[in-house]
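Heads up, protein_9.pdb below (PDB, C-alpha atoms and all ligand atoms):
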```pdb
MODEL        1
ATOM      1  CA  MET A   1       0.000   0.000   0.000
ATOM      2  CA  SER A   2       1.167   3.525  -0.695
ATOM      3  CA  LEU A   3       1.815   6.074   2.039
ATOM      4  CA  LEU A   4      -1.468   7.835   1.223
ATOM      5  CA  GLU A   5      -3.426   4.575   1.358
ATOM      6  CA  ASN A   6      -1.875   3.821   4.745
ATOM      7  CA  LEU A   7      -2.758   7.296   6.030
ATOM      8  CA  ASN A   8      -6.335   6.731   4.916
ATOM      9  CA  TRP A   9      -6.356   3.331   6.628
ATOM     10  CA  ARG A  10      -5.224   4.637   9.992
ATOM     11  CA  TYR A  11      -7.521   6.352  12.472
ATOM     12  CA  ALA A  12      -7.301   7.456  16.075
ATOM     13  CA  THR A  13      -8.203   4.102  17.585
ATOM     14  CA  LYS A  14     -10.621   4.343  20.506
ATOM     15  CA  LYS A  15     -10.789   0.683  21.537
ATOM     16  CA  TYR A  16      -7.940  -1.817  21.489
ATOM     17  CA  ASP A  17      -8.013  -5.587  21.704
ATOM     18  CA  PRO A  18      -6.018  -6.088  24.929
ATOM     19  CA  THR A  19      -5.106  -9.672  23.967
ATOM     20  CA  LYS A  20      -3.091  -8.620  20.896
ATOM     21  CA  LYS A  21       0.522  -7.529  21.315
ATOM     22  CA  VAL A  22       2.712  -5.667  18.838
ATOM     23  CA  SER A  23       5.893  -7.603  18.048
ATOM     24  CA  GLN A  24       9.214  -6.231  19.285
ATOM     25  CA  GLU A  25      10.306  -5.981  15.650
ATOM     26  CA  ASP A  26       7.407  -3.651  14.818
ATOM     27  CA  VAL A  27       7.849  -1.593  18.005
ATOM     28  CA  ASP A  28      11.501  -1.135  17.041
ATOM     29  CA  LYS A  29      10.532   0.052  13.538
ATOM     30  CA  ILE A  30       8.040   2.591  14.883
ATOM     31  CA  VAL A  31      10.630   3.958  17.323
ATOM     32  CA  GLU A  32      13.253   3.996  14.561
ATOM     33  CA  ALA A  33      11.013   6.174  12.373
ATOM     34  CA  ALA A  34      10.858   8.690  15.243
ATOM     35  CA  ARG A  35      14.627   8.484  15.773
ATOM     36  CA  LEU A  36      15.197   9.329  12.116
ATOM     37  CA  ALA A  37      13.059  12.467  12.311
ATOM     38  CA  PRO A  38      14.635  15.707  11.174
ATOM     39  CA  THR A  39      14.988  18.245  13.996
ATOM     40  CA  SER A  40      15.896  21.910  14.188
ATOM     41  CA  SER A  41      19.698  22.204  13.893
ATOM     42  CA  GLY A  42      19.852  18.407  14.185
ATOM     43  CA  LEU A  43      19.719  18.678  17.976
ATOM     44  CA  GLN A  44      17.345  15.695  18.434
ATOM     45  CA  GLN A  45      15.640  17.416  21.322
ATOM     46  CA  PHE A  46      13.290  14.572  22.224
ATOM     47  CA  ARG A  47      13.300  10.986  23.450
ATOM     48  CA  VAL A  48      10.803   8.117  23.228
ATOM     49  CA  ILE A  49       9.944   6.081  26.314
ATOM     50  CA  VAL A  50       8.444   2.679  25.489
ATOM     51  CA  VAL A  51       6.008   1.476  28.141
ATOM     52  CA  SER A  52       4.938  -2.169  27.920
ATOM     53  CA  ASN A  53       4.568  -2.848  31.657
ATOM     54  CA  GLN A  54       0.854  -3.509  32.277
ATOM     55  CA  GLU A  55       0.855  -2.014  35.777
ATOM     56  CA  LEU A  56       2.411   1.210  34.502
ATOM     57  CA  LYS A  57      -0.030   1.379  31.584
ATOM     58  CA  GLU A  58      -2.923   1.024  34.043
ATOM     59  CA  GLN A  59      -1.497   3.810  36.182
ATOM     60  CA  MET A  60      -1.516   5.954  33.044
ATOM     61  CA  VAL A  61      -5.326   5.687  32.653
ATOM     62  CA  PRO A  62      -6.238   8.310  35.308
ATOM     63  CA  ILE A  63      -3.293  10.484  34.209
ATOM     64  CA  ALA A  64      -4.671  10.341  30.657
ATOM     65  CA  TRP A  65      -8.085  11.571  31.732
ATOM     66  CA  GLU A  66      -9.547   8.062  32.081
ATOM     67  CA  GLN A  67      -8.721   6.987  28.537
ATOM     68  CA  GLN A  68      -8.818   3.190  28.787
ATOM     69  CA  ILE A  69      -6.730   2.901  25.619
ATOM     70  CA  MET A  70      -3.635   3.362  27.827
ATOM     71  CA  ALA A  71      -4.235   0.031  29.547
ATOM     72  CA  ASP A  72      -5.666  -1.870  26.564
ATOM     73  CA  ALA A  73      -3.055  -0.895  23.979
ATOM     74  CA  SER A  74      -0.093  -3.191  23.602
ATOM     75  CA  HIS A  75       2.493  -0.472  24.295
ATOM     76  CA  VAL A  76       2.400   3.241  25.018
ATOM     77  CA  LEU A  77       5.124   5.383  23.484
ATOM     78  CA  VAL A  78       5.799   8.570  25.423
ATOM     79  CA  PHE A  79       7.307  11.436  23.435
ATOM     80  CA  ALA A  80       9.275  13.645  25.824
ATOM     81  CA  ALA A  81      11.333  16.705  25.006
ATOM     82  CA  TRP A  82      14.284  18.418  26.703
ATOM     83  CA  ASP A  83      13.060  20.637  29.520
ATOM     84  CA  ARG A  84      15.539  23.295  28.353
ATOM     85  CA  TYR A  85      18.616  23.856  26.241
ATOM     86  CA  THR A  86      22.019  23.682  27.900
ATOM     87  CA  GLU A  87      25.518  24.269  26.585
ATOM     88  CA  GLU A  88      26.333  20.626  27.300
ATOM     89  CA  ARG A  89      23.359  19.315  25.344
ATOM     90  CA  ILE A  90      24.258  21.384  22.301
ATOM     91  CA  ASP A  91      27.944  20.449  22.498
ATOM     92  CA  THR A  92      27.247  16.742  23.004
ATOM     93  CA  ILE A  93      25.346  16.346  19.756
ATOM     94  CA  TYR A  94      27.774  18.457  17.742
ATOM     95  CA  ASN A  95      30.758  16.557  19.177
ATOM     96  CA  ARG A  96      29.106  13.303  18.177
ATOM     97  CA  THR A  97      28.447  14.649  14.696
ATOM     98  CA  THR A  98      32.048  15.765  14.148
ATOM     99  CA  ASP A  99      33.450  12.530  15.665
ATOM    100  CA  GLU A 100      31.219  10.284  13.531
ATOM    101  CA  ARG A 101      32.057  12.264  10.394
ATOM    102  CA  GLY A 102      35.788  12.334  11.118
ATOM    103  CA  LEU A 103      35.821  16.121  11.408
ATOM    104  CA  PRO A 104      37.740  18.133  14.009
ATOM    105  CA  ARG A 105      35.762  18.976  17.147
ATOM    106  CA  GLY A 106      34.705  22.600  17.036
ATOM    107  CA  ARG A 107      34.206  22.460  13.259
ATOM    108  CA  PHE A 108      30.727  23.875  13.818
ATOM    109  CA  GLY A 109      31.839  26.194  16.659
ATOM    110  CA  SER A 110      30.594  29.423  15.124
ATOM    111  CA  TYR A 111      27.203  27.812  14.453
ATOM    112  CA  THR A 112      26.844  26.336  17.940
ATOM    113  CA  ASP A 113      27.825  29.734  19.393
ATOM    114  CA  LYS A 114      24.847  31.195  17.526
ATOM    115  CA  LEU A 115      22.543  28.467  18.849
ATOM    116  CA  LYS A 116      23.743  29.070  22.414
ATOM    117  CA  ALA A 117      23.315  32.855  22.018
ATOM    118  CA  ALA A 118      19.750  32.290  20.778
ATOM    119  CA  TYR A 119      18.540  29.640  23.241
ATOM    120  CA  LEU A 120      20.462  29.937  26.499
ATOM    121  CA  PRO A 121      19.169  33.431  27.437
ATOM    122  CA  GLN A 122      15.571  32.249  26.978
ATOM    123  CA  THR A 123      13.450  30.937  29.844
ATOM    124  CA  ALA A 124      13.071  27.173  30.255
ATOM    125  CA  GLU A 125       9.441  27.570  29.162
ATOM    126  CA  GLU A 126      10.477  29.285  25.934
ATOM    127  CA  ASN A 127      13.069  26.591  25.295
ATOM    128  CA  PHE A 128      10.472  23.882  25.883
ATOM    129  CA  VAL A 129       8.067  25.374  23.341
ATOM    130  CA  HIS A 130      10.813  24.845  20.766
ATOM    131  CA  THR A 131      12.004  21.406  21.910
ATOM    132  CA  ALA A 132       8.426  20.120  22.170
ATOM    133  CA  ARG A 133       7.741  21.178  18.582
ATOM    134  CA  GLN A 134      10.568  18.961  17.408
ATOM    135  CA  SER A 135       9.009  15.967  19.144
ATOM    136  CA  TYR A 136       5.868  16.305  17.005
ATOM    137  CA  ILE A 137       7.922  15.578  13.880
ATOM    138  CA  GLY A 138       9.001  12.219  15.298
ATOM    139  CA  PHE A 139       5.471  11.655  16.591
ATOM    140  CA  ALA A 140       4.020  12.059  13.087
ATOM    141  CA  LEU A 141       6.616   9.771  11.522
ATOM    142  CA  ALA A 142       5.900   7.112  14.148
ATOM    143  CA  ILE A 143       2.183   7.349  13.313
ATOM    144  CA  ALA A 144       2.940   6.885   9.614
ATOM    145  CA  GLN A 145       5.311   3.970  10.275
ATOM    146  CA  ALA A 146       2.720   2.261  12.468
ATOM    147  CA  ALA A 147       0.171   2.588   9.650
ATOM    148  CA  GLU A 148       2.583   1.027   7.180
ATOM    149  CA  LEU A 149       2.943  -1.951   9.534
ATOM    150  CA  LYS A 150      -0.854  -2.122   9.993
ATOM    151  CA  VAL A 151      -0.389  -1.376  13.659
ATOM    152  CA  ASP A 152      -3.120   0.837  15.096
ATOM    153  CA  CYS A 153      -2.312   3.850  17.226
ATOM    154  CA  THR A 154      -3.900   6.868  18.868
ATOM    155  CA  PRO A 155      -2.195  10.244  19.042
ATOM    156  CA  VAL A 156      -2.861  11.581  22.558
ATOM    157  CA  GLU A 157      -2.451  15.005  24.098
ATOM    158  CA  GLY A 158      -5.203  14.422  26.636
ATOM    159  CA  PHE A 159      -3.120  13.787  29.741
ATOM    160  CA  THR A 160      -1.563  15.693  32.623
ATOM    161  CA  SER A 161       2.097  15.847  31.774
ATOM    162  CA  GLU A 162       3.348  16.780  35.270
ATOM    163  CA  GLU A 163       1.733  13.634  36.692
ATOM    164  CA  LEU A 164       3.168  11.416  33.963
ATOM    165  CA  ASP A 165       6.631  12.952  34.386
ATOM    166  CA  GLU A 166       6.419  12.117  38.083
ATOM    167  CA  LEU A 167       5.321   8.513  37.386
ATOM    168  CA  LEU A 168       8.141   7.907  34.885
ATOM    169  CA  GLY A 169      10.822   9.949  36.664
ATOM    170  CA  LEU A 170      11.313  12.166  33.620
ATOM    171  CA  LYS A 171      12.249  15.344  35.537
ATOM    172  CA  GLU A 172      15.463  13.716  36.759
ATOM    173  CA  LYS A 173      16.316  13.006  33.111
ATOM    174  CA  GLY A 174      15.728  16.631  32.093
ATOM    175  CA  LEU A 175      12.660  15.645  30.051
ATOM    176  CA  LYS A 176       8.998  16.664  29.948
ATOM    177  CA  SER A 177       6.316  14.555  28.294
ATOM    178  CA  VAL A 178       4.617  16.102  25.260
ATOM    179  CA  THR A 179       2.454  13.444  23.600
ATOM    180  CA  LEU A 180       1.547   9.780  23.981
ATOM    181  CA  LEU A 181       1.127   7.138  21.319
ATOM    182  CA  PRO A 182      -0.668   3.976  22.425
ATOM    183  CA  ILE A 183      -0.091   1.286  19.779
ATOM    184  CA  GLY A 184      -1.842  -2.050  19.325
ATOM    185  CA  TYR A 185      -4.655  -3.616  17.382
ATOM    186  CA  ARG A 186      -8.173  -2.247  17.057
ATOM    187  CA  ASP A 187     -11.172  -4.010  18.586
ATOM    188  CA  ASN A 188     -13.163  -3.715  15.387
ATOM    189  CA  GLU A 189     -16.481  -4.837  16.904
ATOM    190  CA  ASN A 190     -16.433  -2.425  19.808
ATOM    191  CA  ASP A 191     -14.694   0.650  18.444
ATOM    192  CA  TRP A 192     -17.383   3.180  17.487
ATOM    193  CA  LEU A 193     -14.905   5.077  15.309
ATOM    194  CA  ALA A 194     -13.672   2.102  13.273
ATOM    195  CA  PRO A 195     -16.445   2.186  10.613
ATOM    196  CA  MET A 196     -16.683   5.982  10.419
ATOM    197  CA  LYS A 197     -15.656   8.035   7.417
ATOM    198  CA  LYS A 198     -12.437   9.992   7.709
ATOM    199  CA  VAL A 199     -13.350  13.681   7.656
ATOM    200  CA  ARG A 200     -10.935  16.329   6.417
ATOM    201  CA  ASN A 201     -11.144  19.795   4.926
ATOM    202  CA  ALA A 202     -11.737  19.779   1.176
ATOM    203  CA  LYS A 203      -8.515  20.183  -0.765
ATOM    204  CA  GLU A 204      -9.661  23.533  -2.146
ATOM    205  CA  ASP A 205     -10.177  24.841   1.401
ATOM    206  CA  PHE A 206      -6.923  23.328   2.654
ATOM    207  CA  VAL A 207      -4.518  24.502  -0.012
ATOM    208  CA  LEU A 208      -4.058  28.189  -0.688
ATOM    209  CA  GLU A 209      -2.375  28.664  -3.987
ATOM    210  CA  TYR A 210      -0.624  31.913  -4.772
TER     211      TYR A 210
HETATM  212  C1  LIG B 301      -1.750  16.066  18.910
HETATM  213  C2  LIG B 301      -2.990  15.218  18.966
HETATM  214  C3  LIG B 301      -3.619  14.966  20.164
HETATM  215  C4  LIG B 301      -4.726  14.128  20.234
HETATM  216  N1  LIG B 301      -5.249  13.776  21.459
HETATM  217  C5  LIG B 301      -6.201  12.803  21.508
HETATM  218  C6  LIG B 301      -6.631  12.271  22.749
HETATM  219  O1  LIG B 301      -6.170  12.662  23.821
HETATM  220  N2  LIG B 301      -7.558  11.284  22.728
HETATM  221  C7  LIG B 301      -8.081  10.779  21.561
HETATM  222  O2  LIG B 301      -8.916   9.866  21.617
HETATM  223  N3  LIG B 301      -7.703  11.282  20.368
HETATM  224  C8  LIG B 301      -6.767  12.263  20.313
HETATM  225  N4  LIG B 301      -6.337  12.732  19.095
HETATM  226  C9  LIG B 301      -6.937  12.169  17.872
HETATM  227  C10 LIG B 301      -7.671  13.198  17.015
HETATM  228  O3  LIG B 301      -8.899  13.512  17.559
HETATM  229  C11 LIG B 301      -7.782  12.616  15.606
HETATM  230  O4  LIG B 301      -6.498  12.392  15.094
HETATM  231  C12 LIG B 301      -8.560  13.510  14.657
HETATM  232  O5  LIG B 301      -9.901  13.661  15.077
HETATM  233  C13 LIG B 301      -8.527  12.982  13.228
HETATM  234  O6  LIG B 301      -9.044  11.687  13.160
HETATM  235  P1  LIG B 301      -8.200  10.438  12.652
HETATM  236  O7  LIG B 301      -6.866  10.479  13.373
HETATM  237  O8  LIG B 301      -9.020   9.262  13.085
HETATM  238  O9  LIG B 301      -8.018  10.543  11.193
HETATM  239  C14 LIG B 301      -5.254  13.586  19.032
HETATM  240  C15 LIG B 301      -4.622  13.877  17.807
HETATM  241  C16 LIG B 301      -3.505  14.654  17.774
HETATM  242  C17 LIG B 301      -2.819  14.879  16.453
ENDMDL
END
```

Just give me the structure as structure tokens.
Amino acid sequence: MSLLENLNWRYATKKYDPTKKVSQEDVDKIVEAARLAPTSSGLQQFRVIVVSNQELKEQMVPIAWEQQIMADASHVLVFAAWDRYTEERIDTIYNRTTDERGLPRGRFGSYTDKLKAAYLPQTAEENFVHTARQSYIGFALAIAQAAELKVDCTPVEGFTSEELDELLGLKEKGLKSVTLLPIGYRDNENDWLAPMKKVRNAKEDFVLEY
């Protein structure tokens, strides 16, 4: 199936079959699509936490505003972004880039100086607005990869991030949760949304041609 056919196939699954588990191979591919996401200045400002532990998934139900999909999905992927930029974070990725490309460290020094001058004077909240945006790129690619594998998923913003960060100990890692992606297999019989038409703006309303 083509990418567009897969995007038409997928929908925000409301009811999962709790007996069906996504294979490790497919979980790895979905995470890999997120890892390969482009990010602003290549800083890779987000991480993916893979939750398969049933007890943890159940604890996520009240945090996710009673959405039972947390417990019934096979896995929940948590997209979490840096809580702020630091000099070390910027240097670490650029040192890795120069090392892996066989370039001298500091090759991108004038560029990283510009990044530090732009981001480090900002508040943590301003930084997080930018880092969180990057995580949505990986989030979207993971959704598309899941569709290609015929794995169902639900993009979720309906949760209290502070509570989830506490549950998963993300603050200590300098991360804040942004979105969740339960993945699994639809319960076709009991999901009210499964047979519904996909509704989108008409192309002529969506595209503005100049
Ligand atoms: C960022 C984001 C957050 C969303 N949060 C939720 C959510 O918390 N719960 C839910 O059931 N659906 C959630 N959705 C699903 C949307 O409602 C759904 O994608 C949209 O209505 C389009 O339908 P479709 O995905 O089935 O094509 C979210 C979607 C996105 C992109």

Around ligand LIG 301 (chain B), at most 10 Å away and counting all atoms listed in the file, which residues are there? Put them as a ChimeraX atom specification, please.
/A:7-15,64-65,67-69,136,139-140,143,153-159,178-181,193-194,196-200

Got a sec: who's within 10 Å of Glu87 of chain A, counting all atoms listed in the file, leaving out chain neighbours fewer than 2 positions off, as number ranges by chain?
A: 85, 89-92, 112-113, 115-117, 119-120

Evaluate the PyMOL selection byres (((chain A and resi 162) around 12) and not hetatm) here and jot the selected residues down as JSON, numbers by chain.
{"A": [63, 64, 80, 83, 159, 160, 161, 163, 164, 165, 166, 167, 168, 169, 170, 171, 175, 176, 177, 178]}

When distances are computed from only C-alpha atoms, which of A:Asn188, A:Gln145, A:Ser135, A:Asn127 shows the smallest separation from Leu4 of chain A?
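Comparing A:Asn188, A:Gln145, A:Ser135, A:Asn127 against Leu4 of chain A, the winner is A:Gln145.
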
Atom CA of Ile137 of chain A and atom CA of Val207 of chain A, how far apart in Å?
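We find that atom CA of Val207 of chain A and atom CA of Ile137 of chain A lie 20.7 Å from each other.
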
Residue by residue, what does the PyMOL selection byres (((chain A and resi 21) around 6) and not hetatm) grab here? Present the result as a list of chain:residue names.
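In the shown coordinates, the PyMOL selection byres (((chain A and resi 21) around 6) and not hetatm) covers A:Lys20, A:Val22, A:Ser74.
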
Counting all atoms listed in the file, find residues at most 12 Å from (-6.3, 0.7, 29.7) (file frame) and give them as a PyMOL selection string.
chain A and resi 14-19+52-76+182-184

Determine the nearest neighbour of Thr39 of chain A from the options A:Ala124, A:Phe108, A:Ala81, A:Tyr185, counting only C-alpha atoms.
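Between A:Ala124, A:Phe108, A:Ala81, A:Tyr185, the residue approaching Thr39 of chain A most closely is A:Ala81.
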
Quick check, in Å to one decimal: how far apart do atom CA of Val27 of chain A and atom CA of Ala144 of chain A lie?
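That distance, rounded to one decimal, is 12.9 Å.
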